[in-house]
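> Contents of input-v2.txt (compact mmCIF, C-alpha atoms) are given next:
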```txt
# COMPACT_ATOMS: atom_id res chain seq x y z
CA MET A 335 31.61 5.81 -7.78
CA HIS A 336 35.21 4.80 -8.32
CA PHE A 337 37.10 3.71 -11.39
CA PHE A 338 38.52 0.19 -11.52
CA GLU A 339 42.06 1.42 -10.81
CA ASP A 340 40.95 3.14 -7.56
CA ILE A 341 39.42 -0.01 -6.10
CA GLU A 342 41.47 -2.24 -3.80
CA VAL A 343 40.70 -5.72 -2.56
CA GLY A 344 39.71 -5.45 1.11
CA GLN A 345 38.20 -1.96 0.76
CA ARG A 346 35.11 -1.60 2.90
CA ARG A 347 32.23 0.76 2.29
CA GLU A 348 29.57 1.53 4.87
CA ALA A 349 26.18 2.26 3.31
CA GLY A 350 24.19 3.29 6.37
CA SER A 351 21.46 1.61 8.37
CA PHE A 352 17.72 1.05 8.02
CA THR A 353 15.07 0.17 10.61
CA PHE A 354 12.27 -2.09 9.39
CA THR A 355 8.87 -0.84 10.55
CA ALA A 356 5.68 -2.92 10.55
CA GLU A 357 4.27 -0.64 7.85
CA ASP A 358 7.32 -1.16 5.59
CA ILE A 359 7.29 -4.93 6.08
CA LYS A 360 3.58 -5.29 5.35
CA ARG A 361 3.61 -2.93 2.35
CA PHE A 362 6.37 -4.90 0.63
CA ALA A 363 4.66 -8.19 1.53
CA ARG A 364 1.31 -7.10 0.10
CA GLN A 365 3.02 -6.18 -3.19
CA PHE A 366 5.45 -9.05 -3.62
CA ASP A 367 5.44 -11.72 -0.91
CA PRO A 368 2.03 -12.09 0.77
CA GLN A 369 2.92 -14.92 3.11
CA ARG A 370 1.19 -14.76 6.50
CA PHE A 371 4.35 -14.25 8.62
CA HIS A 372 5.16 -11.14 6.54
CA LEU A 373 1.64 -9.68 6.88
CA SER A 374 0.55 -10.10 10.51
CA GLU A 375 2.29 -9.71 13.86
CA GLU A 376 0.31 -12.61 15.32
CA GLU A 377 1.05 -14.96 12.42
CA GLY A 378 4.70 -13.94 12.63
CA ARG A 379 4.85 -14.78 16.33
CA ASN A 380 3.32 -18.19 15.64
CA SER A 381 5.81 -18.94 12.83
CA LEU A 382 9.40 -20.20 12.87
CA PHE A 383 10.47 -16.53 12.69
CA GLY A 384 8.99 -15.70 16.10
CA GLY A 385 7.72 -12.26 15.04
CA LEU A 386 6.56 -10.16 12.10
CA ALA A 387 9.38 -10.84 9.64
CA ALA A 388 10.49 -8.90 6.56
CA SER A 389 10.45 -10.79 3.25
CA GLY A 390 13.96 -11.78 2.26
CA TRP A 391 13.39 -9.93 -1.02
CA HIS A 392 12.48 -6.83 0.97
CA VAL A 393 15.79 -7.10 2.84
CA ALA A 394 17.63 -7.45 -0.48
CA SER A 395 15.74 -4.49 -1.97
CA VAL A 396 16.49 -2.29 1.04
CA CYS A 397 20.17 -3.24 0.74
CA MET A 398 20.03 -2.08 -2.90
CA LYS A 399 18.31 1.15 -1.81
CA MET A 400 21.07 1.89 0.70
CA MET A 401 23.86 1.06 -1.74
CA VAL A 402 22.33 3.22 -4.49
CA ALA A 403 21.80 6.15 -2.09
CA ASP A 404 25.37 5.87 -0.85
CA GLY A 405 26.73 5.69 -4.41
CA GLN A 406 24.69 8.73 -5.46
CA ARG A 407 25.89 10.71 -2.42
CA GLU A 408 29.49 9.79 -3.20
CA ALA A 409 29.04 10.73 -6.87
CA ARG A 410 27.58 14.14 -5.93
CA GLU A 411 30.49 14.80 -3.58
CA ALA A 412 33.05 13.78 -6.19
CA ALA A 413 31.34 15.96 -8.80
CA ALA A 414 31.34 18.89 -6.34
CA ARG A 415 35.12 18.45 -5.98
CA GLY A 416 35.39 18.58 -9.78
CA GLU A 417 36.42 14.92 -10.08
CA ARG A 418 35.39 12.61 -12.90
CA VAL A 419 32.70 10.21 -11.75
CA ALA A 420 32.76 6.61 -12.96
CA VAL A 421 29.47 5.19 -14.22
CA TRP A 422 29.26 1.54 -13.28
CA GLY A 423 27.69 -0.93 -15.67
CA PRO A 424 24.68 -3.11 -14.91
CA SER A 425 25.25 -6.18 -12.77
CA PRO A 426 25.02 -9.56 -14.50
CA GLY A 427 23.91 -11.19 -11.25
CA PHE A 428 25.31 -12.42 -8.00
CA ARG A 429 26.07 -15.51 -6.01
CA GLU A 430 25.64 -16.95 -2.58
CA LEU A 431 22.73 -14.89 -1.35
CA ARG A 432 22.15 -15.85 2.27
CA TRP A 433 19.37 -15.01 4.68
CA LEU A 434 21.12 -15.92 7.93
CA GLN A 435 18.90 -14.34 10.57
CA PRO A 436 15.25 -13.29 10.45
CA VAL A 437 14.73 -9.54 10.11
CA LEU A 438 11.89 -8.76 12.52
CA VAL A 439 9.88 -5.60 13.02
CA GLY A 440 12.02 -2.95 14.73
CA ASP A 441 15.33 -4.54 13.69
CA THR A 442 17.97 -2.18 12.32
CA LEU A 443 20.34 -3.48 9.67
CA SER A 444 23.63 -1.76 8.91
CA PHE A 445 24.72 -2.36 5.34
CA ALA A 446 28.29 -2.59 4.10
CA GLY A 447 30.23 -3.88 1.12
CA ILE A 448 33.74 -5.28 1.05
CA VAL A 449 35.74 -5.81 -2.15
CA GLU A 450 36.71 -9.49 -2.42
CA ALA A 451 38.27 -9.65 -5.88
CA LYS A 452 38.97 -7.59 -8.99
CA ARG A 453 40.11 -8.52 -12.46
CA THR A 454 40.22 -7.02 -15.91
CA SER A 455 37.86 -8.27 -18.59
CA ALA A 456 39.58 -10.01 -21.50
CA SER A 457 36.69 -9.49 -23.89
CA ARG A 458 35.89 -5.90 -22.87
CA PRO A 459 39.17 -4.06 -22.16
CA GLU A 460 37.40 -0.84 -21.15
CA TRP A 461 35.77 -2.59 -18.18
CA GLY A 462 37.03 -4.24 -15.03
CA ILE A 463 35.07 -6.80 -13.03
CA VAL A 464 34.78 -6.36 -9.29
CA GLN A 465 33.29 -8.76 -6.77
CA ILE A 466 31.82 -7.21 -3.66
CA ARG A 467 30.40 -9.04 -0.63
CA ASN A 468 27.43 -6.94 0.49
CA SER A 469 26.03 -7.57 3.94
CA GLY A 470 23.44 -6.44 6.47
CA THR A 471 24.26 -6.75 10.18
CA ASN A 472 21.59 -6.32 12.83
CA GLN A 473 21.63 -4.23 16.02
CA ARG A 474 22.96 -7.24 17.97
CA GLY A 475 25.97 -7.49 15.65
CA GLU A 476 24.65 -10.62 13.93
CA LEU A 477 25.19 -11.02 10.19
CA ALA A 478 21.62 -11.29 8.88
CA PHE A 479 22.04 -11.07 5.10
CA SER A 480 24.83 -11.27 2.56
CA PHE A 481 25.50 -11.84 -1.09
CA LEU A 482 28.42 -11.70 -3.48
CA ALA A 483 27.75 -9.12 -6.18
CA THR A 484 29.52 -8.84 -9.50
CA ALA A 485 29.87 -5.39 -11.05
CA PHE A 486 31.32 -4.05 -14.28
CA VAL A 487 33.42 -1.00 -13.37
CA PRO A 488 34.91 1.32 -16.02
CA ARG A 489 38.68 1.64 -16.30
CA GLN A 490 40.33 5.05 -16.05
CA GLY A 491 41.21 5.13 -19.71
CA ALA A 492 37.57 4.60 -20.78
CA GLY A 493 35.23 7.51 -21.47
CA ALA A 494 32.69 7.89 -18.65
CA MET B 1328 2.25 -27.07 -1.56
CA HIS B 1329 3.62 -30.60 -1.74
CA PHE B 1330 5.32 -32.79 0.82
CA PHE B 1331 8.90 -33.88 0.26
CA GLU B 1332 7.85 -37.39 -0.81
CA ASP B 1333 5.59 -36.00 -3.58
CA ILE B 1334 8.35 -33.99 -5.23
CA GLU B 1335 10.35 -35.46 -8.10
CA VAL B 1336 13.54 -34.21 -9.69
CA GLY B 1337 12.65 -32.76 -13.08
CA GLN B 1338 9.16 -31.63 -12.04
CA ARG B 1339 8.26 -28.34 -13.63
CA ARG B 1340 5.79 -25.82 -12.27
CA GLU B 1341 4.43 -22.90 -14.29
CA ALA B 1342 3.71 -19.85 -12.15
CA GLY B 1343 2.09 -17.55 -14.70
CA SER B 1344 3.25 -14.43 -16.48
CA PHE B 1345 3.57 -10.74 -15.66
CA THR B 1346 3.85 -7.69 -17.92
CA PHE B 1347 6.07 -4.88 -16.62
CA THR B 1348 4.40 -1.48 -17.07
CA ALA B 1349 6.24 1.85 -16.86
CA GLU B 1350 4.29 2.65 -13.70
CA ASP B 1351 5.36 -0.61 -11.99
CA ILE B 1352 8.99 -0.15 -13.02
CA LYS B 1353 9.19 3.43 -11.79
CA ARG B 1354 7.33 2.78 -8.53
CA PHE B 1355 9.72 0.00 -7.53
CA ALA B 1356 12.70 2.11 -8.61
CA ARG B 1357 11.60 5.11 -6.55
CA GLN B 1358 11.32 2.90 -3.47
CA PHE B 1359 14.39 0.69 -3.82
CA ASP B 1360 16.61 1.33 -6.83
CA PRO B 1361 16.46 4.96 -7.99
CA GLN B 1362 18.96 4.67 -10.82
CA ARG B 1363 18.16 6.83 -13.84
CA PHE B 1364 17.59 3.98 -16.34
CA HIS B 1365 14.88 2.59 -14.00
CA LEU B 1366 13.14 5.97 -13.60
CA SER B 1367 12.93 7.58 -17.02
CA GLU B 1368 12.17 6.30 -20.52
CA GLU B 1369 14.66 8.71 -22.04
CA GLU B 1370 17.47 7.82 -19.64
CA GLY B 1371 16.71 4.16 -20.25
CA ARG B 1372 16.98 4.60 -24.02
CA ASN B 1373 20.33 6.33 -23.56
CA SER B 1374 21.67 3.55 -21.30
CA LEU B 1375 23.17 0.15 -22.05
CA PHE B 1376 19.67 -1.29 -21.56
CA GLY B 1377 18.23 0.56 -24.55
CA GLY B 1378 14.91 1.35 -22.85
CA LEU B 1379 13.19 1.88 -19.51
CA ALA B 1380 14.43 -1.18 -17.61
CA ALA B 1381 13.08 -2.87 -14.50
CA SER B 1382 15.42 -3.12 -11.53
CA GLY B 1383 16.82 -6.63 -11.22
CA TRP B 1384 15.44 -6.69 -7.67
CA HIS B 1385 12.02 -5.81 -9.06
CA VAL B 1386 12.24 -8.79 -11.42
CA ALA B 1387 13.23 -11.02 -8.49
CA SER B 1388 10.38 -9.66 -6.34
CA VAL B 1389 7.82 -10.19 -9.10
CA CYS B 1390 9.07 -13.77 -9.50
CA MET B 1391 8.46 -14.25 -5.75
CA LYS B 1392 5.00 -12.71 -6.11
CA MET B 1393 4.08 -15.14 -8.88
CA MET B 1394 5.49 -18.16 -7.01
CA VAL B 1395 3.64 -17.24 -3.81
CA ALA B 1396 0.36 -16.66 -5.67
CA ASP B 1397 0.71 -19.99 -7.45
CA GLY B 1398 1.52 -21.79 -4.20
CA GLN B 1399 -1.47 -20.22 -2.44
CA ARG B 1400 -3.78 -21.15 -5.33
CA GLU B 1401 -2.49 -24.72 -5.22
CA ALA B 1402 -2.90 -24.88 -1.43
CA ARG B 1403 -6.51 -23.63 -1.67
CA GLU B 1404 -7.30 -26.24 -4.30
CA ALA B 1405 -5.71 -29.03 -2.26
CA ALA B 1406 -7.59 -27.91 0.86
CA ALA B 1407 -10.84 -27.86 -1.14
CA ARG B 1408 -10.18 -31.50 -2.12
CA GLY B 1409 -9.70 -32.30 1.58
CA GLU B 1410 -5.98 -33.00 1.21
CA ARG B 1411 -3.36 -32.16 3.81
CA VAL B 1412 -1.36 -29.12 2.75
CA ALA B 1413 2.38 -29.02 3.43
CA VAL B 1414 3.72 -25.80 4.95
CA TRP B 1415 7.17 -25.14 3.55
CA GLY B 1416 9.84 -23.67 5.79
CA PRO B 1417 11.64 -20.38 5.20
CA SER B 1418 14.39 -20.34 2.59
CA PRO B 1419 17.97 -20.03 3.85
CA GLY B 1420 19.00 -18.34 0.61
CA PHE B 1421 19.83 -19.17 -2.95
CA ARG B 1422 22.61 -19.34 -5.44
CA GLU B 1423 23.49 -18.30 -8.95
CA LEU B 1424 21.07 -15.45 -9.43
CA ARG B 1425 21.42 -14.29 -13.02
CA TRP B 1426 20.04 -11.30 -14.84
CA LEU B 1427 20.57 -12.50 -18.40
CA GLN B 1428 18.46 -10.08 -20.44
CA PRO B 1429 17.17 -6.61 -19.63
CA VAL B 1430 13.48 -6.51 -18.71
CA LEU B 1431 12.14 -3.45 -20.54
CA VAL B 1432 8.81 -1.69 -20.29
CA GLY B 1433 6.09 -3.82 -21.92
CA ASP B 1434 8.05 -7.07 -21.61
CA THR B 1435 6.13 -10.08 -20.34
CA LEU B 1436 7.99 -12.67 -18.29
CA SER B 1437 6.64 -16.19 -17.82
CA PHE B 1438 7.85 -17.69 -14.56
CA ALA B 1439 8.52 -21.36 -13.90
CA GLY B 1440 10.40 -23.56 -11.46
CA ILE B 1441 12.05 -26.89 -12.11
CA VAL B 1442 13.21 -29.26 -9.35
CA GLU B 1443 16.94 -29.90 -9.75
CA ALA B 1444 17.73 -31.91 -6.62
CA LYS B 1445 16.23 -33.21 -3.38
CA ARG B 1446 17.75 -34.74 -0.28
CA THR B 1447 16.81 -35.47 3.29
CA SER B 1448 18.26 -33.39 6.11
CA ALA B 1449 20.53 -35.34 8.46
CA SER B 1450 20.18 -32.86 11.31
CA ARG B 1451 16.42 -32.26 10.91
CA PRO B 1452 14.76 -35.57 9.97
CA GLU B 1453 11.30 -33.99 9.70
CA TRP B 1454 12.46 -31.82 6.79
CA GLY B 1455 13.71 -32.45 3.28
CA ILE B 1456 15.77 -30.01 1.27
CA VAL B 1457 14.76 -29.25 -2.30
CA GLN B 1458 16.64 -27.19 -4.88
CA ILE B 1459 14.52 -25.47 -7.49
CA ARG B 1460 15.76 -23.47 -10.49
CA ASN B 1461 13.30 -20.60 -10.85
CA SER B 1462 13.29 -18.68 -14.10
CA GLY B 1463 11.62 -15.88 -16.03
CA THR B 1464 11.43 -16.15 -19.83
CA ASN B 1465 10.40 -13.18 -21.96
CA GLN B 1466 7.86 -12.99 -24.79
CA ARG B 1467 10.64 -13.73 -27.32
CA GLY B 1468 11.45 -17.00 -25.53
CA GLU B 1469 14.72 -15.63 -24.09
CA LEU B 1470 15.71 -16.66 -20.58
CA ALA B 1471 15.91 -13.29 -18.77
CA PHE B 1472 16.28 -14.25 -15.12
CA SER B 1473 17.07 -17.33 -13.08
CA PHE B 1474 18.23 -18.44 -9.69
CA LEU B 1475 18.67 -21.67 -7.77
CA ALA B 1476 16.48 -21.62 -4.65
CA THR B 1477 16.84 -23.85 -1.64
CA ALA B 1478 13.69 -24.74 0.31
CA PHE B 1479 12.97 -26.74 3.44
CA VAL B 1480 9.99 -28.98 2.66
CA PRO B 1481 8.20 -31.03 5.34
CA ARG B 1482 8.20 -34.82 5.11
CA GLN B 1483 4.93 -36.75 5.09
CA GLY B 1484 5.50 -38.10 8.58
CA ALA B 1485 5.91 -34.63 10.07
CA GLY B 1486 2.98 -32.70 11.49
CA ALA B 1487 1.98 -29.85 9.16
```
What does the file become when written as structure tokens?

Amino acid sequence: MHFFEDIEVGQRREAGSFTFTAEDIKRFARQFDPQRFHLSEEEGRNSLFGGLAASGWHVASVCMKMMVADGQREAREAAARGERVAVWGPSPGFRELRWLQPVLVGDTLSFAGIVEAKRTSASRPEWGIVQIRNSGTNQRGELAFSFLATAFVPRQGAGA
Amino acid sequence: MHFFEDIEVGQRREAGSFTFTAEDIKRFARQFDPQRFHLSEEEGRNSLFGGLAASGWHVASVCMKMMVADGQREAREAAARGERVAVWGPSPGFRELRWLQPVLVGDTLSFAGIVEAKRTSASRPEWGIVQIRNSGTNQRGELAFSFLATAFVPRQGAGA
């Protein structure tokens, strides 16, 4: 995880890819979104989705999983090099979440984030605020999912 | 589930409440958001959250769970009265998702949705578009979570 000063607008971070299996899709759906097109192949085929489709909240949660795993890997590598690791603050929310394409069983999404803006915080000088557009692109190169995340990122001068 | 014509701006729908247990919080975190303050009471207490905190994506997923359960209950009741039940379309996304208060172990959120706007779709005359502000309020009456959802809702004339 980087400090505010190390982050540049336009920076892109690849967070790896994830293939949605029928078991994954149905398990999430049973817990959190038991709509028929998320629970049954046949119902999915007969729906507007045209196949067993992952819940949009499942897609968002998998994106988080990939981003967290990537951040933890990066932090371990930085620590192994003896570098100071920045601890990002909690996110206050995000904007413009879009489900642009269905995510069907067997689809593979590749997740990435691109820095769209950064600014210092007037009220909290030890933190910067970074806006990152996170996205998931499917195996056909179609943008399937995106949202604009806001993160509090510590500044170099701050203890971390 | 209502048809477009039956929905009025300002309508409020209560979707029930949910208490976040340590087991729920950690299970979601292990699957999708394995950050330390979502996995351990002690790490949570030592974090900005001040306690074991649910992942924001867990809060969003539980909100979905409550909304789906409420919609299914309503659809069963309408079907039992012999009424036609509207089948809502998939959501294209939402805006302004806000995590306003931490959701800590033992907190109970009450979920509700309020209709903020409705309009017909020029390109798809069989559908209306409804914007609903969904929210979760904790046991102290504090708004903890909200987002503005967009839904495609069938019109009375359309087959459903």
> Mind giving me the straight-line distance from atom CA of A:Ala412 to atom CA of B:Arg1372 in Å, one decimal?
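Straight-line distance from atom CA of A:Ala412 to atom CA of B:Arg1372 works out to 25.7 Å.
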> For atom CA of B:Ser1450 and atom CA of A:Glu476, determine how far apart the two atoms are, in Å to one decimal place.
22.8 Å
> Identify every residue of chain B that has at least one atom within 7 Å of any atom of chain A, counting all atoms listed in the file, and report the result as a tab-separated table (two decimals) with C-alpha atoms, in the frame of the given file.

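Final output, selection.tsv:
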```
chain	number	residue	atom	x	y	z
B	1359	PHE	CA	14.39	0.69	-3.82
B	1360	ASP	CA	16.61	1.33	-6.83
B	1384	TRP	CA	15.44	-6.69	-7.67
B	1388	SER	CA	10.38	-9.66	-6.34
B	1389	VAL	CA	7.82	-10.19	-9.10
B	1391	MET	CA	8.46	-14.25	-5.75
B	1392	LYS	CA	5.00	-12.71	-6.11
B	1395	VAL	CA	3.64	-17.24	-3.81
B	1419	PRO	CA	17.97	-20.03	3.85
B	1420	GLY	CA	19.00	-18.34	0.61
B	1421	PHE	CA	19.83	-19.17	-2.95
B	1422	ARG	CA	22.61	-19.34	-5.44
B	1423	GLU	CA	23.49	-18.30	-8.95
B	1424	LEU	CA	21.07	-15.45	-9.43
B	1425	ARG	CA	21.42	-14.29	-13.02
B	1426	TRP	CA	20.04	-11.30	-14.84
B	1427	LEU	CA	20.57	-12.50	-18.40
```
> Which residues of stretch 423-462 of chain A sit at most 10 Å from stretch 343-351 of chain A, using all atoms listed in the file? Give each one's shortest atom pair and distance in Å (one decimal place), in chain and ascending residue order, as a Markdown table.

```
| residue | atom | partner | partner_atom | distance |
| --- | --- | --- | --- | --- |
| A:Thr442 | CA | A:Ser351 | CA | 6.5 |
| A:Leu443 | CA | A:Ser351 | CA | 5.4 |
| A:Ser444 | CA | A:Ser351 | CA | 4.0 |
| A:Phe445 | CA | A:Ala349 | CA | 5.3 |
| A:Ala446 | CA | A:Glu348 | CA | 4.4 |
| A:Gly447 | CA | A:Arg347 | CA | 5.2 |
| A:Ile448 | CA | A:Arg346 | CA | 4.3 |
| A:Val449 | CA | A:Val343 | CA | 5.0 |
| A:Glu450 | CA | A:Val343 | CA | 5.5 |
| A:Ala451 | CA | A:Val343 | CA | 5.7 |
| A:Lys452 | CA | A:Val343 | CA | 6.9 |
```
> I'd like to know which of A:Glu339, A:Asp404, A:Val419, A:Val439 is closest to A:Leu373, using all atoms listed in the file.
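For A:Leu373, the nearest of the given residues is A:Val439.
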> So which residues fall inside 12 Å of (38.3, -8.5, -18.8) if we count only C-alpha atoms? Mind giving them as a list of chain:residue names?
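Every polymer residue passing the test: A:Phe338, A:Lys452, A:Arg453, A:Thr454, A:Ser455, A:Ala456, A:Ser457, A:Arg458, A:Pro459, A:Glu460, A:Trp461, A:Gly462, A:Ile463, A:Val464, A:Ala485, A:Phe486, A:Val487, A:Pro488, A:Arg489.
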> Could you take the residues named above and write them with C-alpha atoms, as a short mmCIF file (atom, residue, chain, number, x, y, z; two decimals), in the frame of the given file?

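Here's the written file part_18.cif:
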```cif
data_model
loop_
_atom_site.label_atom_id
_atom_site.label_comp_id
_atom_site.auth_asym_id
_atom_site.auth_seq_id
_atom_site.Cartn_x
_atom_site.Cartn_y
_atom_site.Cartn_z
CA PHE A 338 38.52 0.19 -11.52
CA LYS A 452 38.97 -7.59 -8.99
CA ARG A 453 40.11 -8.52 -12.46
CA THR A 454 40.22 -7.02 -15.91
CA SER A 455 37.86 -8.27 -18.59
CA ALA A 456 39.58 -10.01 -21.50
CA SER A 457 36.69 -9.49 -23.89
CA ARG A 458 35.89 -5.90 -22.87
CA PRO A 459 39.17 -4.06 -22.16
CA GLU A 460 37.40 -0.84 -21.15
CA TRP A 461 35.77 -2.59 -18.18
CA GLY A 462 37.03 -4.24 -15.03
CA ILE A 463 35.07 -6.80 -13.03
CA VAL A 464 34.78 -6.36 -9.29
CA ALA A 485 29.87 -5.39 -11.05
CA PHE A 486 31.32 -4.05 -14.28
CA VAL A 487 33.42 -1.00 -13.37
CA PRO A 488 34.91 1.32 -16.02
CA ARG A 489 38.68 1.64 -16.30
#
```
> Could you please determine the separation between atom CA of B:Arg1411 and atom CA of B:His1329 in Å, to one decimal place?
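Computing the Euclidean distance for atom CA of B:Arg1411 and atom CA of B:His1329 yields 9.1 Å.
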> Please give chain B as a compact mmCIF listing (two decimals) with C-alpha atoms, in the frame of the given file, after it has been superposed on chain A by least squares over all Cα atoms paired in order.

```txt
# COMPACT_ATOMS: atom_id res chain seq x y z
CA MET B 1328 31.60 5.86 -7.82
CA HIS B 1329 35.21 4.82 -8.33
CA PHE B 1330 37.11 3.70 -11.40
CA PHE B 1331 38.53 0.20 -11.54
CA GLU B 1332 42.07 1.42 -10.82
CA ASP B 1333 40.95 3.13 -7.58
CA ILE B 1334 39.42 -0.01 -6.10
CA GLU B 1335 41.45 -2.24 -3.79
CA VAL B 1336 40.69 -5.72 -2.55
CA GLY B 1337 39.71 -5.45 1.11
CA GLN B 1338 38.18 -1.97 0.77
CA ARG B 1339 35.11 -1.62 2.92
CA ARG B 1340 32.24 0.77 2.31
CA GLU B 1341 29.56 1.55 4.89
CA ALA B 1342 26.18 2.27 3.33
CA GLY B 1343 24.18 3.29 6.38
CA SER B 1344 21.45 1.60 8.38
CA PHE B 1345 17.72 1.05 8.04
CA THR B 1346 15.07 0.17 10.63
CA PHE B 1347 12.27 -2.10 9.41
CA THR B 1348 8.86 -0.84 10.57
CA ALA B 1349 5.68 -2.94 10.55
CA GLU B 1350 4.27 -0.66 7.86
CA ASP B 1351 7.31 -1.17 5.58
CA ILE B 1352 7.28 -4.93 6.10
CA LYS B 1353 3.58 -5.30 5.36
CA ARG B 1354 3.59 -2.95 2.36
CA PHE B 1355 6.36 -4.91 0.64
CA ALA B 1356 4.66 -8.19 1.54
CA ARG B 1357 1.31 -7.11 0.10
CA GLN B 1358 3.01 -6.20 -3.18
CA PHE B 1359 5.47 -9.06 -3.60
CA ASP B 1360 5.45 -11.73 -0.90
CA PRO B 1361 2.04 -12.08 0.75
CA GLN B 1362 2.93 -14.91 3.11
CA ARG B 1363 1.20 -14.75 6.48
CA PHE B 1364 4.34 -14.26 8.62
CA HIS B 1365 5.16 -11.13 6.55
CA LEU B 1366 1.64 -9.68 6.89
CA SER B 1367 0.55 -10.10 10.49
CA GLU B 1368 2.28 -9.72 13.85
CA GLU B 1369 0.32 -12.61 15.30
CA GLU B 1370 1.04 -14.96 12.40
CA GLY B 1371 4.69 -13.95 12.61
CA ARG B 1372 4.84 -14.78 16.32
CA ASN B 1373 3.31 -18.19 15.60
CA SER B 1374 5.81 -18.93 12.80
CA LEU B 1375 9.39 -20.19 12.84
CA PHE B 1376 10.48 -16.53 12.69
CA GLY B 1377 9.00 -15.70 16.09
CA GLY B 1378 7.72 -12.27 15.04
CA LEU B 1379 6.56 -10.16 12.10
CA ALA B 1380 9.39 -10.83 9.63
CA ALA B 1381 10.49 -8.91 6.56
CA SER B 1382 10.46 -10.78 3.26
CA GLY B 1383 13.98 -11.79 2.26
CA TRP B 1384 13.40 -9.93 -1.01
CA HIS B 1385 12.49 -6.83 0.99
CA VAL B 1386 15.80 -7.09 2.85
CA ALA B 1387 17.63 -7.45 -0.47
CA SER B 1388 15.75 -4.47 -1.96
CA VAL B 1389 16.50 -2.28 1.05
CA CYS B 1390 20.18 -3.23 0.76
CA MET B 1391 20.05 -2.06 -2.88
CA LYS B 1392 18.33 1.15 -1.80
CA MET B 1393 21.07 1.91 0.72
CA MET B 1394 23.87 1.06 -1.74
CA VAL B 1395 22.35 3.24 -4.47
CA ALA B 1396 21.81 6.16 -2.07
CA ASP B 1397 25.39 5.89 -0.84
CA GLY B 1398 26.74 5.71 -4.39
CA GLN B 1399 24.70 8.75 -5.45
CA ARG B 1400 25.88 10.72 -2.40
CA GLU B 1401 29.48 9.80 -3.20
CA ALA B 1402 29.04 10.74 -6.87
CA ARG B 1403 27.58 14.15 -5.91
CA GLU B 1404 30.49 14.81 -3.58
CA ALA B 1405 33.05 13.79 -6.20
CA ALA B 1406 31.34 15.97 -8.82
CA ALA B 1407 31.35 18.89 -6.36
CA ARG B 1408 35.13 18.45 -6.01
CA GLY B 1409 35.40 18.57 -9.81
CA GLU B 1410 36.42 14.92 -10.11
CA ARG B 1411 35.39 12.61 -12.93
CA VAL B 1412 32.70 10.21 -11.77
CA ALA B 1413 32.78 6.60 -12.99
CA VAL B 1414 29.48 5.19 -14.24
CA TRP B 1415 29.29 1.53 -13.29
CA GLY B 1416 27.70 -0.93 -15.69
CA PRO B 1417 24.68 -3.10 -14.93
CA SER B 1418 25.24 -6.18 -12.78
CA PRO B 1419 25.01 -9.56 -14.51
CA GLY B 1420 23.90 -11.18 -11.26
CA PHE B 1421 25.32 -12.42 -8.02
CA ARG B 1422 26.07 -15.49 -6.02
CA GLU B 1423 25.63 -16.94 -2.57
CA LEU B 1424 22.72 -14.89 -1.35
CA ARG B 1425 22.14 -15.84 2.27
CA TRP B 1426 19.36 -15.02 4.68
CA LEU B 1427 21.12 -15.92 7.92
CA GLN B 1428 18.88 -14.35 10.57
CA PRO B 1429 15.25 -13.30 10.45
CA VAL B 1430 14.74 -9.54 10.12
CA LEU B 1431 11.90 -8.76 12.53
CA VAL B 1432 9.88 -5.61 13.03
CA GLY B 1433 12.02 -2.96 14.74
CA ASP B 1434 15.32 -4.54 13.70
CA THR B 1435 17.96 -2.18 12.33
CA LEU B 1436 20.34 -3.49 9.68
CA SER B 1437 23.64 -1.76 8.94
CA PHE B 1438 24.72 -2.35 5.36
CA ALA B 1439 28.29 -2.57 4.11
CA GLY B 1440 30.23 -3.88 1.13
CA ILE B 1441 33.73 -5.28 1.06
CA VAL B 1442 35.74 -5.82 -2.15
CA GLU B 1443 36.71 -9.49 -2.40
CA ALA B 1444 38.27 -9.64 -5.87
CA LYS B 1445 38.96 -7.59 -8.99
CA ARG B 1446 40.11 -8.52 -12.46
CA THR B 1447 40.23 -7.03 -15.92
CA SER B 1448 37.86 -8.26 -18.61
CA ALA B 1449 39.60 -9.99 -21.52
CA SER B 1450 36.70 -9.49 -23.92
CA ARG B 1451 35.89 -5.89 -22.88
CA PRO B 1452 39.17 -4.07 -22.16
CA GLU B 1453 37.40 -0.85 -21.16
CA TRP B 1454 35.78 -2.60 -18.19
CA GLY B 1455 37.02 -4.26 -15.02
CA ILE B 1456 35.07 -6.80 -13.03
CA VAL B 1457 34.78 -6.37 -9.28
CA GLN B 1458 33.28 -8.78 -6.75
CA ILE B 1459 31.82 -7.21 -3.64
CA ARG B 1460 30.39 -9.04 -0.62
CA ASN B 1461 27.43 -6.94 0.50
CA SER B 1462 26.03 -7.56 3.95
CA GLY B 1463 23.43 -6.45 6.48
CA THR B 1464 24.26 -6.76 10.19
CA ASN B 1465 21.57 -6.32 12.84
CA GLN B 1466 21.62 -4.23 16.02
CA ARG B 1467 22.94 -7.25 17.98
CA GLY B 1468 25.95 -7.49 15.65
CA GLU B 1469 24.63 -10.64 13.94
CA LEU B 1470 25.19 -11.03 10.21
CA ALA B 1471 21.61 -11.30 8.87
CA PHE B 1472 22.04 -11.07 5.11
CA SER B 1473 24.82 -11.27 2.57
CA PHE B 1474 25.49 -11.84 -1.08
CA LEU B 1475 28.42 -11.70 -3.47
CA ALA B 1476 27.74 -9.12 -6.19
CA THR B 1477 29.51 -8.84 -9.49
CA ALA B 1478 29.87 -5.38 -11.05
CA PHE B 1479 31.31 -4.05 -14.28
CA VAL B 1480 33.42 -1.01 -13.38
CA PRO B 1481 34.90 1.32 -16.01
CA ARG B 1482 38.68 1.65 -16.31
CA GLN B 1483 40.34 5.06 -16.07
CA GLY B 1484 41.19 5.10 -19.75
CA ALA B 1485 37.57 4.58 -20.80
CA GLY B 1486 35.24 7.48 -21.48
CA ALA B 1487 32.71 7.87 -18.65
```
